[in-house]
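Everything on this sheet refers to the single structure shown next.
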Amino acid sequence: MAKDIPAAVREICLSFPESEEYLSHGSPNFRVRGKTYASFLVNHHGDGRVALWLGAPPGAQEQRVRDEPEYFFVPPYVGPRGWLGVQLDKGLDWKRIAGLVREAYEKVAPAALSKEIGRTPVIAPPKEAMSPEQRDPLQAPAVRRLVQPLREFCLSLPEVVEDPRFGAPSWQAGKRTFATAYRYDQVLSFSFWVGVDQQGLYAGDARYSIPPYMGHNGWISLAVGAKPNWKEIRNLALHSYRHFALKRMLAKLDTDLGSPD
């Protein structure tokens, strides 16, 4: 069977002695004896890349990014530590990719394990293109159909604009986000502000969770499911909008509704 890029990445990384795969923030990572040497990320925070982040020898990141920017970049978070971002769908030869992965593996692996490798693994290049859903889980047709009613409701509110945040559809009242949609681990969720004092009431329902990064500011996430309760979702969106909207926007909203909500 034809393999795609994720399968090719696994074939290379798991060919090295004692290499193992684990998930971190929903993305495959590869480590040897507890030390991570490679991360595979697709459209990370909406960057559009299909990439490996690899540990690299001193000076290699600067040289490769300078000389071949069509293939290499400085990844976030680990870039300051010298890691190298490698774009996998821009025509870079897979023999070279395998060599870069080996280089990253040997940077952290015990010498005894590195000696077991022998020749760098040679794999057949992937021939199967990644689907739009693989590149961006929010582009799956079923997911887009579920997001659309939230989009329409949010954009019906005064002065709301849609502004993707980290690759996820988000809606702003003025310049402040009040609603966002994201998909993590195959689950579509909508997030809204409810206030820290109300989070506990929602979190008692298994459909709700306190999201990372924003949760401490009073946000809640709702796992949408196949049959959303749109009245519930609109009420959450409206409550969140009212918290962030300017006075003139609220006045327009109340005029449109006929009376304060």
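Chains: A, B, ... in order of the structure tokens. Residues: from 1 per chain. Ligands: from 1, in order shown.
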Discussion item. Which residues are near Gly79 (chain A)? Cut-off 12 Å, only C-alpha atoms, ignore same chain within fewer than 2 positions. Put them as JSON, numbers by chain.
Written reply: {"A": [53, 54, 55, 56, 58, 59, 60, 61, 62, 65, 72, 73, 74, 75, 76, 77, 81, 82, 83, 84, 85, 86]}
Worksheet item: Tell me, which residues of region 40-221 of chain A carry DSSP strand (DSSP E or B), written as JSON, numbers by chain?
Response: {"A": [40, 41, 42, 50, 51, 52, 53, 54, 72, 73, 84, 85, 86, 87, 160, 161, 162, 165, 168, 170, 171, 172, 173, 176, 177, 178, 179, 180, 181, 182, 183, 184, 187, 188, 189, 190, 191, 192, 193, 208, 209, 219, 220, 221]}
Sorted per-residue table, region 40-147 of chain A near region 166-179 of chain A, closest atoms and distance, 10 Å, only C-alpha atoms, as CSV:
```
residue,atom,partner,partner_atom,distance
A:Asn43,CA,A:Gly167,CA,7.7
A:His44,CA,A:Phe166,CA,7.7
A:His45,CA,A:Phe166,CA,3.9
A:Gly46,CA,A:Gly167,CA,3.6
A:Asp47,CA,A:Gly167,CA,7.3
A:Gly48,CA,A:Gly167,CA,8.7
A:Asp136,CA,A:Gly167,CA,8.5
A:Pro137,CA,A:Ala168,CA,10.0
A:Leu138,CA,A:Ala168,CA,7.8
A:Val147,CA,A:Pro169,CA,8.6
```
Per-residue nearest contacts of region 111-153 of chain A to region 19-24 of chain A (12 Å; only C-alpha atoms) as a Markdown table:
```
| residue | atom | partner | partner_atom | distance |
| --- | --- | --- | --- | --- |
| A:Leu113 | CA | A:Ser19 | CA | 10.0 |
| A:Ser114 | CA | A:Ser19 | CA | 11.1 |
| A:Ile117 | CA | A:Ser19 | CA | 11.4 |
```
Practice prompt. Would you list the contacts of Glu159 (chain A) as a ChimeraX atom specification, taking every protein, DNA or RNA residue within 12 Å and counting only C-alpha atoms, but skipping same-chain residues closer than 3 positions in sequence?
Written response: /A:154-156,162,171-176,241,244-253
Next, write the just-selected residues to a file, as an mmCIF file, in the first residue's frame, keeping N, CA and C atoms as the atom set.
```
data_model
loop_
_atom_site.group_PDB
_atom_site.id
_atom_site.type_symbol
_atom_site.label_atom_id
_atom_site.label_comp_id
_atom_site.auth_asym_id
_atom_site.auth_seq_id
_atom_site.Cartn_x
_atom_site.Cartn_y
_atom_site.Cartn_z
ATOM 1 N N CYS A 154 -22.340 34.202 15.631
ATOM 2 C CA CYS A 154 -21.373 35.180 16.129
ATOM 3 C C CYS A 154 -21.287 36.401 15.211
ATOM 4 N N LEU A 155 -21.287 36.154 13.900
ATOM 5 C CA LEU A 155 -21.173 37.271 12.956
ATOM 6 C C LEU A 155 -22.449 38.093 12.864
ATOM 7 N N SER A 156 -23.542 37.587 13.421
ATOM 8 C CA SER A 156 -24.780 38.368 13.448
ATOM 9 C C SER A 156 -24.782 39.394 14.575
ATOM 10 N N GLU A 162 -14.413 37.760 12.341
ATOM 11 C CA GLU A 162 -13.752 36.468 12.521
ATOM 12 C C GLU A 162 -12.264 36.656 12.308
ATOM 13 N N TRP A 171 -13.831 34.441 17.071
ATOM 14 C CA TRP A 171 -14.654 35.617 16.800
ATOM 15 C C TRP A 171 -14.387 36.662 17.866
ATOM 16 N N GLN A 172 -14.250 37.904 17.402
ATOM 17 C CA GLN A 172 -13.875 38.994 18.285
ATOM 18 C C GLN A 172 -14.975 40.036 18.386
ATOM 19 N N ALA A 173 -15.183 40.525 19.594
ATOM 20 C CA ALA A 173 -16.025 41.688 19.845
ATOM 21 C C ALA A 173 -15.063 42.860 20.007
ATOM 22 N N GLY A 174 -15.005 43.713 19.011
ATOM 23 C CA GLY A 174 -13.951 44.714 19.003
ATOM 24 C C GLY A 174 -12.648 44.001 18.717
ATOM 25 N N LYS A 175 -11.725 44.058 19.667
ATOM 26 C CA LYS A 175 -10.436 43.383 19.499
ATOM 27 C C LYS A 175 -10.253 42.241 20.490
ATOM 28 N N ARG A 176 -11.347 41.815 21.124
ATOM 29 C CA ARG A 176 -11.224 40.792 22.164
ATOM 30 C C ARG A 176 -12.002 39.543 21.766
ATOM 31 N N TYR A 241 -19.998 37.201 24.635
ATOM 32 C CA TYR A 241 -19.964 38.449 23.860
ATOM 33 C C TYR A 241 -20.263 39.645 24.763
ATOM 34 N N PHE A 244 -17.291 40.938 26.778
ATOM 35 C CA PHE A 244 -16.181 41.600 26.102
ATOM 36 C C PHE A 244 -16.590 42.799 25.251
ATOM 37 N N ALA A 245 -17.857 42.916 24.899
ATOM 38 C CA ALA A 245 -18.296 43.963 23.979
ATOM 39 C C ALA A 245 -18.225 45.353 24.612
ATOM 40 N N LEU A 246 -18.035 46.352 23.760
ATOM 41 C CA LEU A 246 -18.041 47.746 24.202
ATOM 42 C C LEU A 246 -19.482 48.214 24.431
ATOM 43 N N LYS A 247 -19.632 49.333 25.125
ATOM 44 C CA LYS A 247 -20.971 49.827 25.470
ATOM 45 C C LYS A 247 -21.814 50.094 24.231
ATOM 46 N N ARG A 248 -21.215 50.674 23.210
ATOM 47 C CA ARG A 248 -21.998 50.978 22.019
ATOM 48 C C ARG A 248 -22.469 49.697 21.325
ATOM 49 N N MET A 249 -21.664 48.658 21.417
ATOM 50 C CA MET A 249 -22.029 47.380 20.826
ATOM 51 C C MET A 249 -23.178 46.747 21.601
ATOM 52 N N LEU A 250 -23.126 46.865 22.921
ATOM 53 C CA LEU A 250 -24.211 46.324 23.744
ATOM 54 C C LEU A 250 -25.508 47.088 23.510
ATOM 55 N N ALA A 251 -25.390 48.405 23.336
ATOM 56 C CA ALA A 251 -26.586 49.200 23.066
ATOM 57 C C ALA A 251 -27.224 48.779 21.748
ATOM 58 N N LYS A 252 -26.389 48.550 20.741
ATOM 59 C CA LYS A 252 -26.907 48.087 19.452
ATOM 60 C C LYS A 252 -27.523 46.698 19.574
ATOM 61 N N LEU A 253 -26.887 45.832 20.336
ATOM 62 C CA LEU A 253 -27.413 44.477 20.545
ATOM 63 C C LEU A 253 -28.786 44.528 21.196
#
```
Discussion item. I'd like the interatomic distance between CA of Lys115 (chain A) and CA of Phe16 (chain A), to a tenth of an Å.
Written reply: 10.6 Å
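Between Glu116 (chain A) and the candidates A:Asp4, A:Lys35, A:Ser15, A:Gln148, the tightest atom-to-atom separation, counting only C-alpha atoms, involves A:Ser15.
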Using 12 Å as the limit and counting only C-alpha atoms, can you tabulate each residue of region 129-193 of chain A that touches region 229-233 of chain A, with its shortest atom-to-atom distance in Å and the two atoms involved, as a Markdown table?
```
| residue | atom | partner | partner_atom | distance |
| --- | --- | --- | --- | --- |
| A:Leu146 | CA | A:Trp230 | CA | 10.2 |
| A:Val147 | CA | A:Trp230 | CA | 11.1 |
| A:Gln148 | CA | A:Trp230 | CA | 11.5 |
| A:Pro149 | CA | A:Trp230 | CA | 8.2 |
| A:Leu150 | CA | A:Ile233 | CA | 7.8 |
| A:Arg151 | CA | A:Ile233 | CA | 11.3 |
| A:Glu152 | CA | A:Trp230 | CA | 11.9 |
| A:Phe153 | CA | A:Ile233 | CA | 9.7 |
| A:Cys154 | CA | A:Ile233 | CA | 10.6 |
| A:Ala179 | CA | A:Ile233 | CA | 10.3 |
| A:Thr180 | CA | A:Ile233 | CA | 11.7 |
| A:Ala181 | CA | A:Ile233 | CA | 11.7 |
| A:Ser189 | CA | A:Ile233 | CA | 10.9 |
| A:Phe190 | CA | A:Ile233 | CA | 8.3 |
| A:Ser191 | CA | A:Ile233 | CA | 9.6 |
| A:Phe192 | CA | A:Ile233 | CA | 9.2 |
| A:Trp193 | CA | A:Ile233 | CA | 12.0 |
```
Let's have the selection written as a CSV table (one decimal), in the first residue's frame, with N, CA and C atoms.
```
chain,number,residue,atom,x,y,z
A,146,LEU,N,-20.6,21.7,11.4
A,146,LEU,CA,-20.9,22.0,12.8
A,146,LEU,C,-20.5,23.4,13.2
A,147,VAL,N,-19.4,23.8,12.6
A,147,VAL,CA,-18.9,25.2,13.0
A,147,VAL,C,-19.7,26.3,12.4
A,148,GLN,N,-20.3,26.0,11.2
A,148,GLN,CA,-21.0,27.1,10.5
A,148,GLN,C,-22.1,27.8,11.3
A,149,PRO,N,-23.0,27.0,12.0
A,149,PRO,CA,-24.0,27.8,12.7
A,149,PRO,C,-23.4,28.7,13.8
A,150,LEU,N,-22.4,28.3,14.5
A,150,LEU,CA,-21.7,29.2,15.4
A,150,LEU,C,-21.2,30.4,14.7
A,151,ARG,N,-20.5,30.2,13.6
A,151,ARG,CA,-20.0,31.3,12.8
A,151,ARG,C,-21.1,32.3,12.5
A,152,GLU,N,-22.2,31.8,12.0
A,152,GLU,CA,-23.3,32.7,11.5
A,152,GLU,C,-23.9,33.4,12.7
A,153,PHE,N,-24.0,32.8,13.9
A,153,PHE,CA,-24.6,33.5,15.0
A,153,PHE,C,-23.6,34.6,15.5
A,154,CYS,N,-22.3,34.2,15.6
A,154,CYS,CA,-21.4,35.2,16.1
A,154,CYS,C,-21.3,36.4,15.2
A,179,ALA,N,-15.3,33.9,21.5
A,179,ALA,CA,-15.7,32.5,21.1
A,179,ALA,C,-14.6,31.9,20.2
A,180,THR,N,-14.4,30.7,20.3
A,180,THR,CA,-13.4,30.0,19.4
A,180,THR,C,-13.8,28.6,19.2
A,181,ALA,N,-13.5,28.0,18.1
A,181,ALA,CA,-13.7,26.6,17.8
A,181,ALA,C,-12.4,25.9,17.5
A,189,SER,N,-14.6,21.2,19.8
A,189,SER,CA,-15.0,21.9,21.0
A,189,SER,C,-15.2,23.4,20.7
A,190,PHE,N,-16.2,24.0,21.3
A,190,PHE,CA,-16.3,25.5,21.3
A,190,PHE,C,-16.0,26.0,22.7
A,191,SER,N,-15.3,27.1,22.7
A,191,SER,CA,-14.9,27.7,24.0
A,191,SER,C,-15.5,29.1,24.1
A,192,PHE,N,-15.9,29.5,25.3
A,192,PHE,CA,-16.5,30.7,25.7
A,192,PHE,C,-16.1,31.2,27.1
A,193,TRP,N,-16.2,32.5,27.3
A,193,TRP,CA,-15.9,33.0,28.7
A,193,TRP,C,-17.2,32.8,29.5
```
Discussion item. Calculated over only C-alpha atoms, which of the candidates A:Gly258, A:His25, A:Ala7, A:Tyr105 has the smallest distance to Tyr37 (chain A)?
Written reply: A:Tyr105
